[in-house]
>>> print(open('model.csv').read())   # CSV, C-alpha atoms
chain,number,residue,atom,x,y,z
A,1,MET,CA,13.4,-2.9,11.0
A,2,ALA,CA,13.4,-6.4,12.4
A,3,ARG,CA,12.2,-9.2,10.1
A,4,ASP,CA,9.3,-10.3,12.3
A,5,GLU,CA,8.2,-6.6,12.8
A,6,LYS,CA,8.2,-6.2,9.1
A,7,LEU,CA,6.1,-9.4,8.5
A,8,ASP,CA,3.7,-8.5,11.3
A,9,LEU,CA,3.2,-5.0,9.7
A,10,LEU,CA,2.5,-6.5,6.3
A,11,HIS,CA,0.1,-9.0,7.7
A,12,ARG,CA,-2.0,-6.3,9.4
A,13,ILE,CA,-2.7,-4.7,6.1
A,14,PRO,CA,-6.2,-5.7,5.0
A,15,LEU,CA,-5.1,-6.6,1.5
A,16,PHE,CA,-2.6,-9.1,2.9
A,17,SER,CA,-4.3,-10.2,6.1
A,18,GLY,CA,-5.6,-13.4,4.5
A,19,LEU,CA,-2.2,-14.6,3.4
A,20,ASP,CA,-0.5,-17.5,5.2
A,21,ARG,CA,2.9,-17.1,6.8
A,22,HIS,CA,4.8,-18.5,3.8
A,23,LYS,CA,3.2,-15.9,1.5
A,24,ILE,CA,3.7,-13.1,3.9
A,25,GLU,CA,7.4,-14.0,4.1
A,26,ARG,CA,7.6,-14.0,0.3
A,27,LEU,CA,5.9,-10.5,0.3
A,28,GLY,CA,8.4,-9.4,3.0
A,29,MET,CA,11.3,-10.2,0.6
A,30,LEU,CA,9.7,-7.9,-2.0
A,31,ALA,CA,9.1,-5.0,0.4
A,32,GLU,CA,12.0,-2.5,0.4
A,33,GLU,CA,12.6,-0.4,3.4
A,34,VAL,CA,13.1,3.3,2.5
A,35,ASP,CA,13.9,6.3,4.6
A,36,VAL,CA,12.5,9.6,3.2
A,37,PRO,CA,13.0,13.2,4.5
A,38,GLY,CA,10.1,15.4,5.5
A,39,ASP,CA,8.2,17.5,2.9
A,40,LYS,CA,9.0,14.9,0.1
A,41,VAL,CA,6.3,14.2,-2.5
A,42,LEU,CA,6.1,10.5,-2.7
A,43,MET,CA,3.4,10.4,-5.5
A,44,GLN,CA,1.7,13.0,-7.5
A,45,GLN,CA,-2.0,12.9,-8.5
A,46,GLY,CA,-2.3,12.1,-12.2
A,47,GLU,CA,1.2,10.6,-12.6
A,48,ASP,CA,1.6,7.0,-13.4
A,49,GLY,CA,2.4,4.8,-10.4
A,50,ALA,CA,3.2,1.2,-9.6
A,51,ASP,CA,4.0,1.0,-5.9
A,52,LEU,CA,2.2,0.3,-2.6
A,53,MET,CA,3.7,2.1,0.3
A,54,VAL,CA,3.3,1.1,4.0
A,55,ILE,CA,4.3,3.6,6.7
A,56,VAL,CA,6.6,2.2,9.3
A,57,ARG,CA,7.3,5.5,11.0
A,58,GLY,CA,6.3,9.1,10.3
A,59,ARG,CA,3.3,10.9,8.7
A,60,VAL,CA,2.1,11.3,5.2
A,61,ALA,CA,-0.5,13.9,4.0
A,62,ILE,CA,-2.9,12.7,1.3
A,63,GLU,CA,-4.4,15.4,-1.0
A,64,ARG,CA,-6.7,15.3,-4.0
A,65,ASN,CA,-7.2,18.4,-6.2
A,66,GLY,CA,-5.3,20.4,-3.6
A,67,VAL,CA,-7.6,19.4,-0.8
A,68,ARG,CA,-6.3,17.4,2.2
A,69,LEU,CA,-8.2,14.2,2.5
A,70,ASN,CA,-6.2,12.5,5.3
A,71,THR,CA,-3.0,12.3,7.3
A,72,LEU,CA,-1.6,8.7,7.6
A,73,GLY,CA,0.7,7.4,10.2
A,74,ALA,CA,2.5,4.2,11.2
A,75,GLY,CA,0.7,1.1,10.0
A,76,ASP,CA,-1.3,2.9,7.3
A,77,PHE,CA,-0.8,2.2,3.6
A,78,PHE,CA,-1.5,3.9,0.3
A,79,GLY,CA,-1.0,3.1,-3.4
A,80,GLU,CA,-2.9,-0.2,-3.4
A,81,ILE,CA,-4.7,0.7,-6.7
A,82,ALA,CA,-1.4,1.2,-8.4
A,83,LEU,CA,-0.1,-2.1,-7.0
A,84,VAL,CA,-2.9,-4.0,-8.6
A,85,VAL,CA,-3.5,-2.2,-11.9
A,86,GLY,CA,-0.9,0.6,-12.3
A,87,GLY,CA,-2.1,3.8,-14.0
A,88,PRO,CA,-2.5,7.3,-12.8
A,89,ARG,CA,-2.3,8.1,-9.1
A,90,THR,CA,-5.7,9.2,-7.6
A,91,ALA,CA,-4.0,11.5,-5.0
A,92,THR,CA,-0.8,13.2,-4.0
A,93,ALA,CA,1.1,11.9,-1.0
A,94,THR,CA,3.7,14.1,0.8
A,95,THR,CA,5.7,13.3,3.9
A,96,GLU,CA,5.2,15.7,6.8
A,97,GLU,CA,8.3,14.6,8.7
A,98,PRO,CA,11.1,12.1,8.2
A,99,THR,CA,9.3,8.8,7.3
A,100,THR,CA,10.3,5.2,6.9
A,101,LEU,CA,8.3,3.2,4.3
A,102,LEU,CA,8.0,-0.3,3.1
A,103,VAL,CA,7.7,-0.1,-0.7
A,104,ILE,CA,6.2,-3.0,-2.8
A,105,ASN,CA,6.6,-2.7,-6.5
A,106,HIS,CA,3.8,-3.6,-9.0
A,107,ARG,CA,6.0,-5.8,-11.2
A,108,GLU,CA,7.5,-7.8,-8.3
A,109,PHE,CA,4.1,-8.2,-6.7
A,110,HIS,CA,2.7,-9.6,-9.9
A,111,SER,CA,5.5,-12.1,-10.1
A,112,MET,CA,4.4,-13.3,-6.7
A,113,VAL,CA,0.8,-13.5,-7.8
A,114,GLU,CA,2.0,-15.7,-10.8
A,115,GLU,CA,3.9,-17.9,-8.3
A,116,PHE,CA,0.8,-18.1,-5.9
A,117,PRO,CA,-2.4,-17.6,-7.9
A,118,ASP,CA,-4.6,-17.8,-4.8
A,119,VAL,CA,-3.1,-14.5,-3.7
A,120,ALA,CA,-5.0,-12.8,-6.5
A,121,VAL,CA,-8.3,-14.2,-5.2
A,122,GLN,CA,-7.5,-13.0,-1.7
A,123,LEU,CA,-6.5,-9.6,-3.0
A,124,LEU,CA,-9.7,-9.2,-5.0
A,125,ASN,CA,-11.8,-10.1,-2.0
A,126,ALA,CA,-10.0,-7.5,0.1
A,127,LEU,CA,-10.4,-4.8,-2.5
A,128,GLY,CA,-14.1,-5.7,-3.0
A,129,HIS,CA,-14.7,-5.3,0.8
A,130,ARG,CA,-12.9,-2.0,0.7
A,131,VAL,CA,-14.9,-0.7,-2.2
A,132,ARG,CA,-18.2,-1.6,-0.4
A,133,ARG,CA,-17.1,0.3,2.6
A,134,LEU,CA,-16.3,3.4,0.5
A,135,GLU,CA,-19.7,3.3,-1.2
A,136,PRO,CA,-22.3,2.7,1.7
A,137,ASP,CA,-25.3,3.7,-0.5
A,138,SER,CA,-24.4,1.2,-3.2
A,139,ALA,CA,-27.1,-1.4,-4.1
A,140,ASN,CA,-24.5,-4.1,-4.2
>>> encode(input="model.csv", output="structure tokens")
Amino acid sequence: MARDEKLDLLHRIPLFSGLDRHKIERLGMLAEEVDVPGDKVLMQQGEDGADLMVIVRGRVAIERNGVRLNTLGAGDFFGEIALVVGGPRTATATTEEPTTLLVINHREFHSMVEEFPDVAVQLLNALGHRVRRLEPDSAN
């Protein structure tokens, strides 16, 4: 994947869309490109996790308690909760075909947050907006 294509993909993710070019470039250095075969479990519900994954090419099925919730494709991402706080995965993600991912590790991401503390504020804002969209009947 070309460097500019990688940076543009990261910048389109709502969690990172508020970052300036310098911080997106730093994030791009942390994101490892990984090719995965089809029918590979990337994360298992209930298991500890620490990575955010962005789909470059391919499709990933998302299931919770054995029920399919969604199928994600190029430009989609998952694992954002684990990126921020770690802990058990809330769903199982399985590739449906050969898939290319950008993987950002929790520990490396947190070192970036220590380097650029304003990234944490932007990340919290993005997560707050996402939570509001998930709970439309909320009083907040």
>>> atom_distance(input="model.csv", atom1="CA of Ala50 (chain A)", atom2="CA of Asn105 (chain A)")
6.0 Å
>>> closest_residue(input="model.csv", among="A:Gly73, A:Arg107, A:Arg57, A:Glu80", to="Ala126 (chain A)", atoms="all atoms listed in the file")
A:Glu80
>>> atom_distance(input="model.csv", atom1="CA of Leu9 (chain A)", atom2="CA of Asn125 (chain A)")
19.7 Å
>>> closest_atom_pairs(input="model.csv", of="region 20-68 of chain A", to="region 112-121 of chain A", cutoff="10 Å", atoms="all atoms listed in the file", output="Markdown table")
| residue | atom | partner | partner_atom | distance |
| --- | --- | --- | --- | --- |
| A:Asp20 | CA | A:Val119 | CA | 9.7 |
| A:Lys23 | CA | A:Phe116 | CA | 8.1 |
| A:Arg26 | CA | A:Met112 | CA | 7.7 |
| A:Leu27 | CA | A:Met112 | CA | 7.7 |
| A:Leu30 | CA | A:Met112 | CA | 8.9 |
>>> write_last_selection(input="model.csv", atoms="C-alpha atoms", output="PDB file, in the coordinates of the input")
ATOM      1  CA  ASP A  20      -0.500 -17.500   5.200  1.00  0.00           C
ATOM      2  CA  LYS A  23       3.200 -15.900   1.500  1.00  0.00           C
ATOM      3  CA  ARG A  26       7.600 -14.000   0.300  1.00  0.00           C
ATOM      4  CA  LEU A  27       5.900 -10.500   0.300  1.00  0.00           C
ATOM      5  CA  LEU A  30       9.700  -7.900  -2.000  1.00  0.00           C
TER       6      LEU A  30
END
>>> residues_around(input="model.csv", residues="Val41 (chain A)", least_positions_apart="4", cutoff="9 Å", atoms="all atoms listed in the file", output="VMD selection string")
chain A and resid 92 to 95
>>> write_last_selection(input="model.csv", atoms="C-alpha atoms", output="short mmCIF file (atom, residue, chain, number, x, y, z; two decimals), keeping the file's coordinate frame")
data_model
loop_
_atom_site.label_atom_id
_atom_site.label_comp_id
_atom_site.auth_asym_id
_atom_site.auth_seq_id
_atom_site.Cartn_x
_atom_site.Cartn_y
_atom_site.Cartn_z
CA THR A 92 -0.80 13.20 -4.00
CA ALA A 93 1.10 11.90 -1.00
CA THR A 94 3.70 14.10 0.80
CA THR A 95 5.70 13.30 3.90
#
>>> atom_distance(input="model.csv", atom1="CA of Ile13 (chain A)", atom2="CA of Phe78 (chain A)")
10.4 Å
>>> closest_residue(input="model.csv", among="A:Gly28, A:Leu15, A:Asp39, A:Ile55", to="Val84 (chain A)", atoms="all atoms listed in the file")
A:Leu15
>>> residues_around(input="model.csv", residues="Glu63 (chain A)", least_positions_apart="2", cutoff="10 Å", atoms="only C-alpha atoms", output="PyMOL selection string")
chain A and resi 44-45+60-61+65-71+90-94
>>> closest_residue(input="model.csv", among="A:Leu83, A:Val131, A:Val56, A:Met43", to="Leu7 (chain A)", atoms="all atoms listed in the file")
A:Val56
>>> residues_around(input="model.csv", residues="Ala82 (chain A)", least_positions_apart="4", cutoff="6 Å", atoms="all atoms listed in the file", output="list in words")
Gly49, Ala50, Asp51 and Gly86 of chain A
>>> closest_residue(input="model.csv", among="A:Val103, A:Leu42, A:Ile81, A:Leu123", to="Met29 (chain A)", atoms="all atoms listed in the file")
A:Val103
>>> closest_residue(input="model.csv", among="A:Leu52, A:Ile62, A:Ser17, A:Val34", to="Phe109 (chain A)", atoms="all atoms listed in the file")
A:Leu52
